[in-house]
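Visitor: So here's start17.csv, just CSV, C-alpha atoms:
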chain,number,residue,atom,x,y,z
A,104,MET,CA,47.2,-47.0,19.4
A,105,ALA,CA,48.9,-44.4,21.6
A,106,GLU,CA,50.6,-42.9,18.5
A,107,ALA,CA,47.2,-42.7,16.8
A,108,ARG,CA,45.7,-40.9,19.8
A,109,ASP,CA,48.7,-38.5,19.8
A,110,LYS,CA,48.1,-37.7,16.1
A,111,ASP,CA,44.4,-37.2,16.7
A,112,THR,CA,45.2,-34.7,19.5
A,113,GLU,CA,47.7,-33.0,17.1
A,114,PHE,CA,45.0,-32.7,14.4
A,115,ARG,CA,42.5,-31.2,16.9
A,116,GLU,CA,45.1,-28.6,18.0
A,117,MET,CA,45.9,-27.8,14.4
A,118,ILE,CA,42.2,-27.2,13.6
A,119,THR,CA,42.0,-24.9,16.6
A,120,ARG,CA,45.1,-22.9,15.6
A,121,ARG,CA,44.0,-22.6,11.9
A,122,ARG,CA,40.5,-21.5,12.8
A,123,ARG,CA,41.9,-18.9,15.2
A,124,ARG,CA,44.3,-17.6,12.5
A,125,LEU,CA,41.5,-17.3,9.9
A,126,VAL,CA,38.7,-15.9,12.1
A,127,GLY,CA,38.3,-12.2,12.3
A,128,ASN,CA,40.6,-11.4,9.4
A,129,ASP,CA,39.9,-10.5,5.8
A,130,TRP,CA,41.7,-12.7,3.2
A,131,TYR,CA,42.4,-11.4,-0.3
A,132,ALA,CA,41.8,-13.8,-3.3
A,133,ILE,CA,44.7,-14.4,-5.6
A,134,ARG,CA,45.0,-16.2,-9.0
A,135,THR,CA,47.7,-18.9,-9.0
A,136,ALA,CA,49.8,-19.9,-11.9
A,137,PRO,CA,49.1,-23.2,-13.6
A,138,GLY,CA,51.0,-26.1,-12.0
A,139,THR,CA,51.7,-24.2,-8.7
A,140,GLN,CA,48.9,-25.9,-6.8
A,141,ARG,CA,50.5,-29.3,-7.1
A,142,MET,CA,52.3,-30.7,-4.1
A,143,ALA,CA,55.8,-29.4,-3.5
A,144,ARG,CA,58.8,-31.7,-2.9
A,145,HIS,CA,58.5,-33.5,0.4
A,146,VAL,CA,60.6,-32.1,3.3
A,147,GLU,CA,61.8,-34.5,6.0
A,148,ASP,CA,60.5,-33.7,9.5
A,149,ALA,CA,58.1,-31.1,8.2
A,150,PRO,CA,55.4,-30.0,10.8
A,151,ILE,CA,52.1,-31.7,10.3
A,152,SER,CA,50.5,-28.4,9.2
A,153,ARG,CA,52.9,-28.3,6.2
A,154,ILE,CA,52.7,-31.9,5.0
A,155,GLY,CA,51.3,-32.0,1.5
A,156,GLU,CA,51.7,-28.2,1.0
A,157,SER,CA,51.6,-26.9,-2.6
A,158,ILE,CA,54.3,-25.0,-4.5
A,159,ILE,CA,52.4,-21.8,-4.2
A,160,GLU,CA,51.8,-22.2,-0.4
A,161,ARG,CA,55.5,-22.9,0.2
A,162,ASN,CA,56.6,-20.0,-2.0
A,163,LEU,CA,54.3,-17.6,0.0
A,164,ARG,CA,55.2,-19.0,3.4
A,165,ASN,CA,58.9,-18.8,2.6
A,166,GLU,CA,58.3,-15.0,2.2
A,167,GLY,CA,56.5,-14.8,5.5
A,168,ILE,CA,53.1,-14.4,3.9
A,169,SER,CA,50.0,-16.1,5.5
A,170,VAL,CA,48.2,-18.2,2.9
A,171,TYR,CA,45.2,-20.5,2.8
A,172,MET,CA,44.5,-22.8,-0.1
A,173,PRO,CA,41.4,-25.0,0.4
A,174,ALA,CA,42.3,-28.6,-0.5
A,175,TYR,CA,41.5,-32.3,-0.1
A,176,TRP,CA,43.4,-35.6,-0.1
A,177,TYR,CA,43.0,-37.9,-3.1
A,178,GLU,CA,44.2,-41.5,-3.7
A,179,SER,CA,44.8,-43.3,-7.0
A,180,ILE,CA,46.6,-46.3,-8.3
A,181,HIS,CA,49.7,-45.7,-10.4
A,182,HIS,CA,49.0,-47.0,-13.8
A,183,ARG,CA,52.4,-48.8,-14.1
A,184,THR,CA,53.6,-49.6,-10.7
A,185,ARG,CA,50.1,-50.2,-9.2
A,186,LYS,CA,51.2,-48.5,-6.0
A,187,VAL,CA,48.7,-46.3,-4.1
A,188,ILE,CA,49.5,-42.6,-4.7
A,189,GLN,CA,48.4,-40.0,-2.2
A,190,ARG,CA,48.0,-36.4,-3.3
A,191,ARG,CA,46.7,-33.2,-1.9
A,192,LEU,CA,44.7,-31.3,-4.5
A,193,PRO,CA,43.1,-27.8,-4.6
A,194,LEU,CA,39.4,-27.5,-3.9
A,195,LEU,CA,39.2,-24.1,-5.7
A,196,VAL,CA,41.4,-24.7,-8.7
A,197,GLY,CA,43.4,-21.7,-9.6
A,198,TYR,CA,42.7,-19.7,-6.4
A,199,ALA,CA,44.2,-19.2,-3.0
A,200,PHE,CA,43.8,-16.6,-0.2
A,201,VAL,CA,46.4,-14.4,1.5
A,202,ASN,CA,46.2,-12.3,4.7
A,203,LEU,CA,47.9,-8.9,4.4
A,204,GLU,CA,48.4,-7.4,7.8
A,205,ASN,CA,50.6,-4.7,6.3
A,206,MET,CA,48.8,-4.4,3.0
A,207,ASN,CA,51.9,-5.5,1.2
A,208,PHE,CA,50.4,-6.2,-2.2
A,209,GLU,CA,53.6,-5.7,-4.1
A,210,GLN,CA,55.4,-8.3,-1.9
A,211,VAL,CA,52.7,-10.9,-2.7
A,212,ARG,CA,52.7,-10.0,-6.4
A,213,ASP,CA,56.4,-10.6,-6.6
A,214,VAL,CA,56.2,-14.2,-5.3
A,215,ASP,CA,56.7,-16.9,-7.9
A,216,GLY,CA,53.4,-18.4,-8.8
A,217,VAL,CA,51.1,-15.5,-8.0
A,218,VAL,CA,49.4,-14.3,-11.2
A,219,CYS,CA,47.4,-11.4,-9.8
A,220,PHE,CA,44.9,-10.3,-7.1
A,221,LEU,CA,41.2,-10.6,-8.0
A,222,ARG,CA,39.2,-7.4,-7.8
A,223,SER,CA,35.8,-6.0,-8.3
A,224,GLU,CA,35.0,-2.4,-9.2
A,225,PHE,CA,35.6,-1.4,-5.6
A,226,GLY,CA,39.1,-2.8,-5.3
A,227,PRO,CA,40.8,-6.1,-4.4
A,228,ILE,CA,38.2,-8.7,-3.4
A,229,ARG,CA,38.3,-10.0,0.2
A,230,PHE,CA,36.7,-13.0,1.8
A,231,SER,CA,35.7,-13.3,5.4
A,232,GLY,CA,38.0,-15.4,7.6
A,233,ASP,CA,35.0,-16.7,9.4
A,234,ASP,CA,33.7,-18.3,6.2
A,235,LEU,CA,37.2,-19.7,5.3
A,236,SER,CA,37.6,-21.1,8.9
A,237,ILE,CA,34.5,-23.3,8.4
A,238,ILE,CA,36.0,-24.7,5.2
A,239,ALA,CA,39.4,-25.2,6.9
A,240,ALA,CA,37.7,-27.1,9.7
A,241,GLU,CA,35.9,-29.3,7.2
A,242,GLU,CA,39.1,-29.9,5.3
A,243,LEU,CA,41.1,-30.9,8.3
A,244,THR,CA,38.3,-33.2,9.6
A,245,ARG,CA,38.2,-35.0,6.2
A,246,ARG,CA,42.0,-35.2,6.3
A,247,GLN,CA,41.9,-36.9,9.7
A,248,ALA,CA,39.3,-39.4,8.3
A,249,PHE,CA,41.5,-40.0,5.3
A,250,ARG,CA,44.5,-40.7,7.6
A,251,ARG,CA,42.4,-43.1,9.8
A,252,GLU,CA,41.2,-45.0,6.7
A,253,ARG,CA,44.8,-45.4,5.5
A,254,ILE,CA,45.9,-46.7,9.0
A,255,THR,CA,43.1,-49.2,9.0
A,256,ARG,CA,44.1,-50.4,5.6
A,257,ILE,CA,47.7,-50.8,6.5
A,258,GLN,CA,46.8,-52.7,9.7
A,259,LYS,CA,44.6,-55.1,7.7
A,260,GLU,CA,47.4,-55.6,5.2
A,261,THR,CA,49.8,-56.5,8.0
A,262,ALA,CA,47.2,-59.0,9.2
A,263,GLY,CA,47.6,-61.0,6.0
A,264,GLN,CA,45.0,-59.5,3.8
A,265,ALA,CA,47.3,-57.6,1.5
A,266,MET,CA,46.5,-59.3,-1.8
A,267,GLN,CA,42.8,-59.2,-1.4
A,268,LEU,CA,42.8,-55.5,-0.2
A,269,ARG,CA,45.1,-54.4,-3.1
A,270,GLY,CA,42.7,-56.2,-5.5
A,271,ASN,CA,39.8,-54.3,-4.0
A,272,LEU,CA,41.7,-51.0,-4.1
A,273,ARG,CA,42.3,-51.5,-7.8
A,274,LYS,CA,38.6,-51.8,-8.3
A,275,ILE,CA,37.7,-48.8,-6.1
A,276,LEU,CA,40.4,-46.3,-6.7
A,277,PRO,CA,40.8,-44.5,-10.0
A,278,LYS,CA,43.9,-45.3,-12.1
A,279,GLY,CA,46.3,-42.4,-12.0
A,280,ARG,CA,47.9,-41.2,-15.2
A,281,GLY,CA,50.9,-39.1,-14.1
A,282,ASN,CA,49.9,-35.5,-14.2
A,283,ARG,CA,46.7,-36.0,-16.3
A,284,ILE,CA,44.3,-35.6,-13.4
A,285,ASN,CA,41.5,-33.1,-14.3
A,286,LEU,CA,41.7,-30.9,-11.2
A,287,ARG,CA,38.4,-29.2,-11.7
A,288,ASP,CA,36.5,-32.5,-12.2
A,289,GLN,CA,38.2,-34.1,-9.1
A,290,ALA,CA,37.4,-31.0,-7.0
A,291,LEU,CA,33.8,-31.1,-8.0
A,292,ILE,CA,33.6,-34.8,-7.0
A,293,ALA,CA,35.2,-33.9,-3.6
A,294,ILE,CA,32.7,-31.1,-3.1
A,295,LYS,CA,29.8,-33.3,-3.9
A,296,GLY,CA,30.9,-35.7,-1.2
A,297,MET,CA,30.4,-33.0,1.5
A,298,LYS,CA,27.3,-32.0,3.4
A,299,PRO,CA,24.8,-29.8,1.5
A,300,GLU,CA,25.5,-26.6,3.4
A,301,MET,CA,29.2,-27.0,2.9
A,302,GLN,CA,28.6,-27.7,-0.9
A,303,SER,CA,26.6,-24.5,-1.1
A,304,LYS,CA,29.2,-22.4,0.7
A,305,ILE,CA,32.1,-23.6,-1.5
A,306,MET,CA,30.2,-23.5,-4.8
A,307,GLY,CA,29.0,-20.0,-4.0
A,308,MET,CA,32.6,-18.9,-3.3
A,309,LEU,CA,33.8,-20.6,-6.5
A,310,SER,CA,31.0,-18.9,-8.5
A,311,GLN,CA,32.0,-15.5,-7.2
A,312,LEU,CA,35.6,-16.0,-8.0
A,313,GLU,CA,34.9,-17.2,-11.5
A,314,GLN,CA,32.5,-14.3,-12.2
A,315,LEU,CA,35.2,-11.8,-11.2
A,316,GLU,CA,37.7,-13.4,-13.6
A,317,ALA,CA,35.2,-13.6,-16.4
A,318,TYR,CA,33.9,-10.0,-15.9
A,319,GLU,CA,37.2,-8.2,-15.5
A,320,GLY,CA,39.7,-10.3,-17.5
A,321,LEU,CA,43.1,-11.0,-16.2
A,322,GLU,CA,44.7,-7.8,-17.7
A,323,THR,CA,42.3,-5.6,-15.8
A,324,ILE,CA,42.2,-7.6,-12.6
A,325,ASP,CA,46.0,-7.5,-12.5
A,326,ARG,CA,45.9,-3.7,-11.8
A,327,VAL,CA,45.4,-3.8,-8.0
A,328,ALA,CA,47.7,-1.8,-5.9
Reformat the file's structure so that it appears as structure tokens.
Guide:
Amino acid sequence: MAEARDKDTEFREMITRRRRRLVGNDWYAIRTAPGTQRMARHVEDAPISRIGESIIERNLRNEGISVYMPAYWYESIHHRTRKVIQRRLPLLVGYAFVNLENMNFEQVRDVDGVVCFLRSEFGPIRFSGDDLSIIAAEELTRRQAFRRERITRIQKETAGQAMQLRGNLRKILPKGRGNRINLRDQALIAIKGMKPEMQSKIMGMLSQLEQLEAYEGLETIDRVA
């Protein structure tokens, strides 16, 4: 119980730090290469803020670039081993945001996994950190709830209900099929599970991003700096 309270405190502190980092700054939208939003290889003793980070997030952070990729946690049952698999998946499939204090566009463009910056006719498109901080707080709150549900399930399993719970999980959780998860469909399901105002904010942001891509085309969008 003490450990759970410590984790809750750590989560609250992480939410505060992340919101402080996002608020008051403009964040530039980037297009990510296919496959780079999947989880990177696990690193032992990684700080809680980097658990489940994606390949694109790790690549950017390793270069000292601040990045935010809205995401959510997802569970499925492995179709062969029947084990519960936990994954962190992107909420805005194909997109992430970077904070450029020194306007170092070329440094970002050189990072493996960055396809391009997105732009309108007025230049690289920016999003308010205030809006992103609201999404970040919702993401971390849902992550905390996800963790608590998992702890409760493990506690019940150790209390002798393992077989029954696993049977129930097989009925409730989708059957995973390796890398064949449709990220866009799963993201929409996750968004629909949020409060109406949060759904509206995220869908509005996604619509804006997709219109930029469709209007400009990747070749034109890629000419940023």
Visitor: For a test of reading the model, state the distance in Å between atom CA of Leu286 of chain A and atom CA of Pro193 of chain A, rounded to one decimal.
Guide: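 According to the coordinates, atom CA of Leu286 of chain A and atom CA of Pro193 of chain A are separated by 7.4 Å.
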Visitor: Just want the 12 Å neighbourhood of Asn205 of chain A, counted on only C-alpha atoms, with same-chain residues fewer than 4 positions away dropped. Output as a PDB file with C-alpha atoms, in the frame of the given file.
Guide:
ATOM      1  CA  GLY A 167      56.500 -14.800   5.500  1.00  0.00           C
ATOM      2  CA  ILE A 168      53.100 -14.400   3.900  1.00  0.00           C
ATOM      3  CA  SER A 169      50.000 -16.100   5.500  1.00  0.00           C
ATOM      4  CA  VAL A 201      46.400 -14.400   1.500  1.00  0.00           C
ATOM      5  CA  GLU A 209      53.600  -5.700  -4.100  1.00  0.00           C
ATOM      6  CA  GLN A 210      55.400  -8.300  -1.900  1.00  0.00           C
ATOM      7  CA  VAL A 211      52.700 -10.900  -2.700  1.00  0.00           C
TER       8      VAL A 211
END
Visitor: Counting all atoms listed in the file, which residues sit no farther than 12 Å from the position (48.4, -1.1, -0.7) in the file's frame? I'd like them as a tab-separated table (two decimals) with C-alpha atoms, keeping the file's coordinate frame.
Guide:
chain	number	residue	atom	x	y	z
A	131	TYR	CA	42.40	-11.40	-0.30
A	203	LEU	CA	47.90	-8.90	4.40
A	204	GLU	CA	48.40	-7.40	7.80
A	205	ASN	CA	50.60	-4.70	6.30
A	206	MET	CA	48.80	-4.40	3.00
A	207	ASN	CA	51.90	-5.50	1.20
A	208	PHE	CA	50.40	-6.20	-2.20
A	209	GLU	CA	53.60	-5.70	-4.10
A	210	GLN	CA	55.40	-8.30	-1.90
A	211	VAL	CA	52.70	-10.90	-2.70
A	212	ARG	CA	52.70	-10.00	-6.40
A	220	PHE	CA	44.90	-10.30	-7.10
A	226	GLY	CA	39.10	-2.80	-5.30
A	227	PRO	CA	40.80	-6.10	-4.40
A	326	ARG	CA	45.90	-3.70	-11.80
A	327	VAL	CA	45.40	-3.80	-8.00
A	328	ALA	CA	47.70	-1.80	-5.90
Visitor: Rank A:Glu160, A:Glu313, A:Asp234, A:Glu116 by their smallest atom-to-atom distance to Ala199 of chain A, using only C-alpha atoms, and report the top residue only.
Guide: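 Closest to Ala199 of chain A of all the choices is A:Glu160.
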Visitor: List every protein, DNA or RNA residue with an atom no more than 12 Å from (60.8, -23.0, 2.0) in the file's coordinates, counting all atoms listed in the file, and format the result as a PyMOL selection string.
Guide: chain A and resi 143-146+149+153+156-168
Visitor: Go ahead and compute the interatomic distance for atom CA of Val214 of chain A and atom CA of Gly197 of chain A, in Å to one decimal.
Guide: 15.4 Å
Visitor: For a quick check of understanding, using only C-alpha atoms, which of A:Asp213, A:Leu309, A:Lys295, A:Arg141 has the smallest distance to Arg190 of chain A?
Guide: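 So, comparing all the options, the nearest one is A:Arg141.
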Visitor: Using Å and a single decimal, report how far atom CA of Lys298 of chain A sits from atom CA of Tyr198 of chain A.
Guide: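 Atom-to-atom, atom CA of Tyr198 of chain A and atom CA of Lys298 of chain A are spaced 22.0 Å apart.
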Visitor: In terms of the shortest atom-to-atom distance over only C-alpha atoms, which of A:Ile180, A:Met301, A:Met308, A:Ala136 is closest to Arg229 of chain A?
Guide: A:Met308
